[in-house]
>>> print(open('my_file-v7.tsv').read())   # TSV, N, CA and C atoms
chain	number	residue	atom	x	y	z
A	1153	MET	N	-66.17	-24.51	10.17
A	1153	MET	CA	-65.15	-23.91	9.36
A	1153	MET	C	-65.82	-22.87	8.46
A	1154	PRO	N	-65.32	-21.66	8.40
A	1154	PRO	CA	-65.93	-20.61	7.58
A	1154	PRO	C	-65.87	-20.95	6.09
A	1155	GLY	N	-66.94	-20.66	5.41
A	1155	GLY	CA	-66.99	-20.88	3.98
A	1155	GLY	C	-67.26	-22.31	3.56
A	1156	VAL	N	-67.43	-23.21	4.50
A	1156	VAL	CA	-67.68	-24.61	4.18
A	1156	VAL	C	-69.08	-24.98	4.63
A	1157	ARG	N	-69.83	-25.60	3.73
A	1157	ARG	CA	-71.16	-26.06	4.10
A	1157	ARG	C	-71.17	-27.57	4.05
A	1158	TYR	N	-71.81	-28.17	5.02
A	1158	TYR	CA	-71.89	-29.62	5.07
A	1158	TYR	C	-73.30	-30.04	4.69
A	1159	PHE	N	-73.38	-31.09	3.89
A	1159	PHE	CA	-74.67	-31.58	3.43
A	1159	PHE	C	-74.86	-33.00	3.94
A	1160	ASP	N	-76.11	-33.36	4.06
A	1160	ASP	CA	-76.45	-34.74	4.40
A	1160	ASP	C	-75.94	-35.62	3.26
A	1161	LEU	N	-75.34	-36.75	3.57
A	1161	LEU	CA	-74.79	-37.62	2.54
A	1161	LEU	C	-75.85	-38.44	1.83
A	1162	LYS	N	-77.09	-38.35	2.25
A	1162	LYS	CA	-78.16	-39.06	1.54
A	1162	LYS	C	-78.44	-38.33	0.24
A	1163	MET	N	-79.22	-38.98	-0.60
A	1163	MET	CA	-79.51	-38.43	-1.91
A	1163	MET	C	-79.98	-36.98	-1.80
A	1164	ARG	N	-79.34	-36.10	-2.55
A	1164	ARG	CA	-79.65	-34.68	-2.49
A	1164	ARG	C	-80.60	-34.24	-3.59
A	1165	ALA	N	-80.80	-35.05	-4.61
A	1165	ALA	CA	-81.67	-34.68	-5.72
A	1165	ALA	C	-83.01	-35.39	-5.56
A	1166	THR	N	-84.08	-34.66	-5.82
A	1166	THR	CA	-85.41	-35.27	-5.77
A	1166	THR	C	-85.64	-36.07	-7.05
A	1167	ASP	N	-86.65	-36.91	-7.03
A	1167	ASP	CA	-86.99	-37.68	-8.23
A	1167	ASP	C	-87.29	-36.74	-9.40
A	1168	GLN	N	-87.96	-35.64	-9.12
A	1168	GLN	CA	-88.31	-34.68	-10.17
A	1168	GLN	C	-87.06	-34.01	-10.74
A	1169	GLU	N	-86.08	-33.72	-9.89
A	1169	GLU	CA	-84.84	-33.12	-10.37
A	1169	GLU	C	-84.05	-34.10	-11.25
A	1170	VAL	N	-84.05	-35.36	-10.86
A	1170	VAL	CA	-83.37	-36.37	-11.65
A	1170	VAL	C	-84.09	-36.53	-12.99
A	1171	GLN	N	-85.40	-36.51	-12.98
A	1171	GLN	CA	-86.16	-36.61	-14.23
A	1171	GLN	C	-85.87	-35.40	-15.12
A	1172	TYR	N	-85.78	-34.22	-14.55
A	1172	TYR	CA	-85.45	-33.01	-15.30
A	1172	TYR	C	-84.08	-33.17	-15.98
A	1173	LEU	N	-83.10	-33.67	-15.22
A	1173	LEU	CA	-81.76	-33.88	-15.77
A	1173	LEU	C	-81.78	-34.93	-16.89
A	1174	ALA	N	-82.54	-35.99	-16.68
A	1174	ALA	CA	-82.66	-37.02	-17.71
A	1174	ALA	C	-83.26	-36.43	-18.99
A	1175	ARG	N	-84.29	-35.62	-18.82
A	1175	ARG	CA	-84.94	-34.98	-19.98
A	1175	ARG	C	-83.94	-34.08	-20.71
A	1176	LYS	N	-83.15	-33.31	-19.95
A	1176	LYS	CA	-82.15	-32.42	-20.56
A	1176	LYS	C	-81.10	-33.23	-21.32
A	1177	ILE	N	-80.67	-34.34	-20.75
A	1177	ILE	CA	-79.67	-35.19	-21.41
A	1177	ILE	C	-80.22	-35.73	-22.72
A	1178	ILE	N	-81.44	-36.26	-22.67
A	1178	ILE	CA	-82.04	-36.85	-23.88
A	1178	ILE	C	-82.26	-35.78	-24.94
A	1179	ARG	N	-82.76	-34.63	-24.54
A	1179	ARG	CA	-82.99	-33.55	-25.53
A	1179	ARG	C	-81.67	-33.06	-26.12
A	1180	THR	N	-80.66	-32.94	-25.30
A	1180	THR	CA	-79.36	-32.49	-25.80
A	1180	THR	C	-78.78	-33.49	-26.79
A	1181	LEU	N	-78.86	-34.76	-26.47
A	1181	LEU	CA	-78.34	-35.80	-27.37
A	1181	LEU	C	-79.16	-35.88	-28.65
A	1182	THR	N	-80.47	-35.72	-28.54
A	1182	THR	CA	-81.35	-35.76	-29.72
A	1182	THR	C	-81.07	-34.56	-30.62
A	1183	THR	N	-80.99	-33.37	-30.03
A	1183	THR	CA	-80.74	-32.15	-30.79
A	1183	THR	C	-79.38	-32.21	-31.50
A	1184	ALA	N	-78.40	-32.79	-30.83
A	1184	ALA	CA	-77.06	-32.90	-31.41
A	1184	ALA	C	-76.97	-34.02	-32.44
A	1185	GLY	N	-78.05	-34.78	-32.61
A	1185	GLY	CA	-78.05	-35.87	-33.57
A	1185	GLY	C	-77.29	-37.10	-33.09
A	1186	ARG	N	-77.03	-37.17	-31.79
A	1186	ARG	CA	-76.29	-38.31	-31.23
A	1186	ARG	C	-77.18	-39.53	-31.02
A	1187	ILE	N	-78.47	-39.28	-30.78
A	1187	ILE	CA	-79.43	-40.37	-30.64
A	1187	ILE	C	-80.71	-40.00	-31.39
A	1188	ASP	N	-81.48	-41.01	-31.71
A	1188	ASP	CA	-82.78	-40.81	-32.33
A	1188	ASP	C	-83.75	-41.72	-31.58
A	1189	CYS	N	-84.83	-41.15	-31.08
A	1189	CYS	CA	-85.78	-42.00	-30.36
A	1189	CYS	C	-87.20	-41.68	-30.80
A	1190	ASP	N	-87.99	-42.75	-30.94
A	1190	ASP	CA	-89.37	-42.61	-31.37
A	1190	ASP	C	-90.26	-42.10	-30.24
A	1191	ASN	N	-89.95	-42.51	-29.01
A	1191	ASN	CA	-90.76	-42.14	-27.87
A	1191	ASN	C	-89.85	-41.51	-26.82
A	1192	GLU	N	-89.64	-40.21	-26.95
A	1192	GLU	CA	-88.72	-39.49	-26.06
A	1192	GLU	C	-89.10	-39.65	-24.59
A	1193	GLU	N	-90.38	-39.59	-24.30
A	1193	GLU	CA	-90.83	-39.69	-22.90
A	1193	GLU	C	-90.48	-41.05	-22.30
A	1194	ALA	N	-90.62	-42.11	-23.08
A	1194	ALA	CA	-90.27	-43.44	-22.58
A	1194	ALA	C	-88.77	-43.54	-22.31
A	1195	VAL	N	-87.96	-42.93	-23.17
A	1195	VAL	CA	-86.51	-42.94	-22.99
A	1195	VAL	C	-86.15	-42.12	-21.75
A	1196	VAL	N	-86.80	-40.99	-21.57
A	1196	VAL	CA	-86.57	-40.15	-20.39
A	1196	VAL	C	-86.91	-40.93	-19.12
A	1197	MET	N	-88.04	-41.62	-19.14
A	1197	MET	CA	-88.44	-42.38	-17.95
A	1197	MET	C	-87.47	-43.53	-17.68
A	1198	GLY	N	-86.98	-44.18	-18.73
A	1198	GLY	CA	-86.00	-45.25	-18.56
A	1198	GLY	C	-84.69	-44.73	-17.98
A	1199	LEU	N	-84.21	-43.60	-18.49
A	1199	LEU	CA	-82.98	-43.01	-17.98
A	1199	LEU	C	-83.18	-42.53	-16.54
A	1200	THR	N	-84.33	-41.94	-16.26
A	1200	THR	CA	-84.63	-41.49	-14.90
A	1200	THR	C	-84.57	-42.67	-13.94
A	1201	GLY	N	-85.20	-43.76	-14.31
A	1201	GLY	CA	-85.19	-44.96	-13.46
A	1201	GLY	C	-83.79	-45.49	-13.22
A	1202	ALA	N	-82.98	-45.51	-14.27
A	1202	ALA	CA	-81.61	-46.00	-14.14
A	1202	ALA	C	-80.78	-45.09	-13.24
A	1203	LEU	N	-80.93	-43.79	-13.41
A	1203	LEU	CA	-80.18	-42.84	-12.58
A	1203	LEU	C	-80.61	-42.96	-11.11
A	1204	LEU	N	-81.90	-43.04	-10.87
A	1204	LEU	CA	-82.39	-43.15	-9.49
A	1204	LEU	C	-81.91	-44.45	-8.84
A	1205	LYS	N	-81.88	-45.53	-9.61
A	1205	LYS	CA	-81.40	-46.80	-9.08
A	1205	LYS	C	-79.94	-46.67	-8.65
A	1206	GLU	N	-79.12	-46.05	-9.48
A	1206	GLU	CA	-77.70	-45.86	-9.14
A	1206	GLU	C	-77.52	-44.96	-7.93
A	1207	ILE	N	-78.28	-43.90	-7.86
A	1207	ILE	CA	-78.19	-42.97	-6.73
A	1207	ILE	C	-78.58	-43.67	-5.44
A	1208	ARG	N	-79.66	-44.42	-5.48
A	1208	ARG	CA	-80.12	-45.13	-4.28
A	1208	ARG	C	-79.15	-46.24	-3.86
A	1209	GLN	N	-78.54	-46.88	-4.85
A	1209	GLN	CA	-77.55	-47.91	-4.55
A	1209	GLN	C	-76.36	-47.29	-3.83
A	1210	GLU	N	-75.92	-46.13	-4.28
A	1210	GLU	CA	-74.80	-45.46	-3.61
A	1210	GLU	C	-75.20	-44.97	-2.23
A	1211	ASP	N	-76.44	-44.50	-2.08
A	1211	ASP	CA	-76.93	-44.10	-0.75
A	1211	ASP	C	-76.88	-45.27	0.22
A	1212	ALA	N	-77.30	-46.44	-0.24
A	1212	ALA	CA	-77.29	-47.64	0.61
A	1212	ALA	C	-75.86	-48.03	0.96
A	1213	LEU	N	-74.96	-47.89	0.01
A	1213	LEU	CA	-73.55	-48.17	0.25
A	1213	LEU	C	-72.99	-47.20	1.29
A	1214	ASN	N	-73.35	-45.93	1.19
A	1214	ASN	CA	-72.92	-44.94	2.18
A	1214	ASN	C	-73.41	-45.30	3.58
A	1215	GLU	N	-74.65	-45.71	3.67
A	1215	GLU	CA	-75.22	-46.08	4.98
A	1215	GLU	C	-74.49	-47.28	5.57
A	1216	GLU	N	-74.20	-48.26	4.73
A	1216	GLU	CA	-73.50	-49.45	5.21
A	1216	GLU	C	-72.09	-49.09	5.67
A	1217	ALA	N	-71.40	-48.25	4.91
A	1217	ALA	CA	-70.05	-47.82	5.29
A	1217	ALA	C	-70.09	-47.04	6.59
A	1218	ARG	N	-71.09	-46.19	6.74
A	1218	ARG	CA	-71.24	-45.39	7.97
A	1218	ARG	C	-71.46	-46.30	9.18
A	1219	ALA	N	-72.28	-47.33	9.01
A	1219	ALA	CA	-72.55	-48.26	10.11
A	1219	ALA	C	-71.28	-49.01	10.52
A	1220	ILE	N	-70.49	-49.41	9.53
A	1220	ILE	CA	-69.23	-50.09	9.83
A	1220	ILE	C	-68.30	-49.16	10.59
A	1221	LEU	N	-68.22	-47.91	10.15
A	1221	LEU	CA	-67.35	-46.94	10.84
A	1221	LEU	C	-67.79	-46.72	12.28
A	1222	MET	N	-69.09	-46.64	12.48
A	1222	MET	CA	-69.59	-46.42	13.84
A	1222	MET	C	-69.17	-47.57	14.76
A	1223	SER	N	-69.15	-48.78	14.25
A	1223	SER	CA	-68.77	-49.92	15.07
A	1223	SER	C	-67.27	-49.96	15.36
A	1224	HIS	N	-66.49	-49.18	14.62
A	1224	HIS	CA	-65.04	-49.13	14.82
A	1224	HIS	C	-64.55	-47.76	15.28
A	1225	SER	N	-65.45	-46.92	15.75
A	1225	SER	CA	-65.08	-45.55	16.10
A	1225	SER	C	-64.03	-45.47	17.20
A	1226	SER	N	-64.10	-46.35	18.19
A	1226	SER	CA	-63.11	-46.29	19.28
A	1226	SER	C	-61.72	-46.65	18.77
A	1227	THR	N	-61.62	-47.61	17.88
A	1227	THR	CA	-60.33	-47.99	17.29
A	1227	THR	C	-59.78	-46.84	16.45
A	1228	MET	N	-60.65	-46.20	15.69
A	1228	MET	CA	-60.23	-45.08	14.86
A	1228	MET	C	-59.70	-43.94	15.71
A	1229	ALA	N	-60.39	-43.65	16.81
A	1229	ALA	CA	-59.95	-42.56	17.70
A	1229	ALA	C	-58.61	-42.92	18.33
A	1230	ARG	N	-58.47	-44.14	18.76
A	1230	ARG	CA	-57.23	-44.58	19.40
A	1230	ARG	C	-56.05	-44.50	18.43
A	1231	ASP	N	-56.28	-44.89	17.18
A	1231	ASP	CA	-55.21	-44.92	16.18
A	1231	ASP	C	-55.09	-43.62	15.39
A	1232	ASN	N	-55.89	-42.61	15.79
A	1232	ASN	CA	-55.85	-41.29	15.16
A	1232	ASN	C	-56.10	-41.35	13.64
A	1233	ILE	N	-57.12	-42.11	13.25
A	1233	ILE	CA	-57.50	-42.24	11.84
A	1233	ILE	C	-58.68	-41.31	11.59
A	1234	THR	N	-58.61	-40.51	10.53
A	1234	THR	CA	-59.70	-39.57	10.25
A	1234	THR	C	-60.90	-40.32	9.68
A	1235	GLY	N	-62.06	-39.83	10.03
A	1235	GLY	CA	-63.31	-40.46	9.60
A	1235	GLY	C	-63.51	-40.46	8.10
A	1236	LEU	N	-63.19	-39.36	7.45
A	1236	LEU	CA	-63.43	-39.25	6.01
A	1236	LEU	C	-62.54	-40.22	5.24
A	1237	ASP	N	-61.27	-40.30	5.62
A	1237	ASP	CA	-60.37	-41.23	4.94
A	1237	ASP	C	-60.85	-42.67	5.10
A	1238	MET	N	-61.24	-43.02	6.31
A	1238	MET	CA	-61.69	-44.38	6.57
A	1238	MET	C	-63.02	-44.64	5.88
A	1239	PHE	N	-63.92	-43.64	5.86
A	1239	PHE	CA	-65.20	-43.79	5.17
A	1239	PHE	C	-64.96	-44.13	3.70
A	1240	ARG	N	-64.07	-43.40	3.06
A	1240	ARG	CA	-63.78	-43.63	1.64
A	1240	ARG	C	-63.21	-45.04	1.43
A	1241	LYS	N	-62.31	-45.45	2.32
A	1241	LYS	CA	-61.70	-46.77	2.20
A	1241	LYS	C	-62.75	-47.87	2.36
A	1242	VAL	N	-63.58	-47.75	3.39
A	1242	VAL	CA	-64.62	-48.75	3.65
A	1242	VAL	C	-65.61	-48.79	2.49
A	1243	LYS	N	-66.01	-47.63	2.01
A	1243	LYS	CA	-66.96	-47.57	0.90
A	1243	LYS	C	-66.37	-48.21	-0.35
A	1244	ARG	N	-65.11	-47.92	-0.62
A	1244	ARG	CA	-64.44	-48.51	-1.79
A	1244	ARG	C	-64.40	-50.04	-1.68
A	1245	GLU	N	-64.08	-50.54	-0.49
A	1245	GLU	CA	-64.02	-51.99	-0.28
A	1245	GLU	C	-65.41	-52.64	-0.42
A	1246	LEU	N	-66.42	-51.99	0.15
A	1246	LEU	CA	-67.79	-52.52	0.02
A	1246	LEU	C	-68.21	-52.55	-1.44
A	1247	ALA	N	-67.91	-51.48	-2.16
A	1247	ALA	CA	-68.27	-51.41	-3.58
A	1247	ALA	C	-67.59	-52.53	-4.35
A	1248	LYS	N	-66.32	-52.77	-4.04
A	1248	LYS	CA	-65.57	-53.82	-4.72
A	1248	LYS	C	-66.20	-55.20	-4.45
A	1249	LYS	N	-66.56	-55.46	-3.19
A	1249	LYS	CA	-67.18	-56.73	-2.82
A	1249	LYS	C	-68.50	-56.95	-3.55
A	1250	LYS	N	-69.25	-55.88	-3.70
A	1250	LYS	CA	-70.59	-55.96	-4.29
A	1250	LYS	C	-70.60	-55.79	-5.81
A	1251	GLY	N	-69.42	-55.53	-6.38
A	1251	GLY	CA	-69.34	-55.34	-7.82
A	1251	GLY	C	-69.90	-54.02	-8.29
A	1252	ILE	N	-69.86	-53.01	-7.42
A	1252	ILE	CA	-70.39	-51.69	-7.76
A	1252	ILE	C	-69.24	-50.81	-8.24
A	1253	ILE	N	-69.43	-50.15	-9.35
A	1253	ILE	CA	-68.43	-49.25	-9.86
A	1253	ILE	C	-68.78	-47.84	-9.42
A	1254	LEU	N	-67.85	-47.22	-8.72
A	1254	LEU	CA	-68.09	-45.85	-8.23
A	1254	LEU	C	-67.56	-44.83	-9.20
>>> encode(input="my_file-v7.tsv", output="structure tokens")
Amino acid sequence: MPGVRYFDLKMRATDQEVQYLARKIIRTLTTAGRIDCDNEEAVVMGLTGALLKEIRQEDALNEEARAILMSHSSTMARDNITGLDMFRKVKRELAKKKGIIL
């Protein structure tokens, strides 16, 4: 489709990019007086770790949803169900079962 780019659904940000974003968030909050931290680097590393954990958890959820869809592809084709709609539904159900908030 013209004008549309498709990306791999796996994590698109590198660890360094996530750390950069974490640093920007902490500096912005510190500068605005919203937080005060004695060891900014430790806070940045903690936030980076938390963000990466969430990103990887969602990546794993995507992979699991994709595997389920692959096992039901013939049924989906027969019933004329679109892959994206079903992917979202399966992912939402998996997240609910696992207690993950999307």
>>> atom_distance(input="my_file-v7.tsv", atom1="atom N of Leu1203 in chain A", atom2="atom N of Ile1252 in chain A")
15.6 Å
>>> residues_around(input="my_file-v7.tsv", residues="range 1167-1182 of chain A", least_positions_apart="2", cutoff="7 Å", atoms="only C-alpha atoms", output="VMD selection string")
chain A and resid 1165 1184 to 1188 1196 1199 to 1200
>>> closest_residue(input="my_file-v7.tsv", among="A:Asp1231, A:Glu1193, A:Asp1237, A:Glu1216", to="Lys1250 in chain A", atoms="only C-alpha atoms")
A:Glu1216
>>> atom_distance(input="my_file-v7.tsv", atom1="CA of Ile1207 in chain A", atom2="atom C of Glu1245 in chain A")
17.2 Å
>>> select_by_dssp(input="my_file-v7.tsv", residues="chain A", states="helix (DSSP H, G or I)", output="PyMOL selection string")
chain A and resi 1167-1183+1192-1223+1225-1230+1235-1250
>>> atom_distance(input="my_file-v7.tsv", atom1="CA of Val1242 in chain A", atom2="atom C of Lys1205 in chain A")
19.8 Å
>>> closest_residue(input="my_file-v7.tsv", among="A:Lys1248, A:Ile1233, A:Leu1204, A:Met1238", to="Ala1217 in chain A", atoms="all atoms listed in the file")
A:Met1238
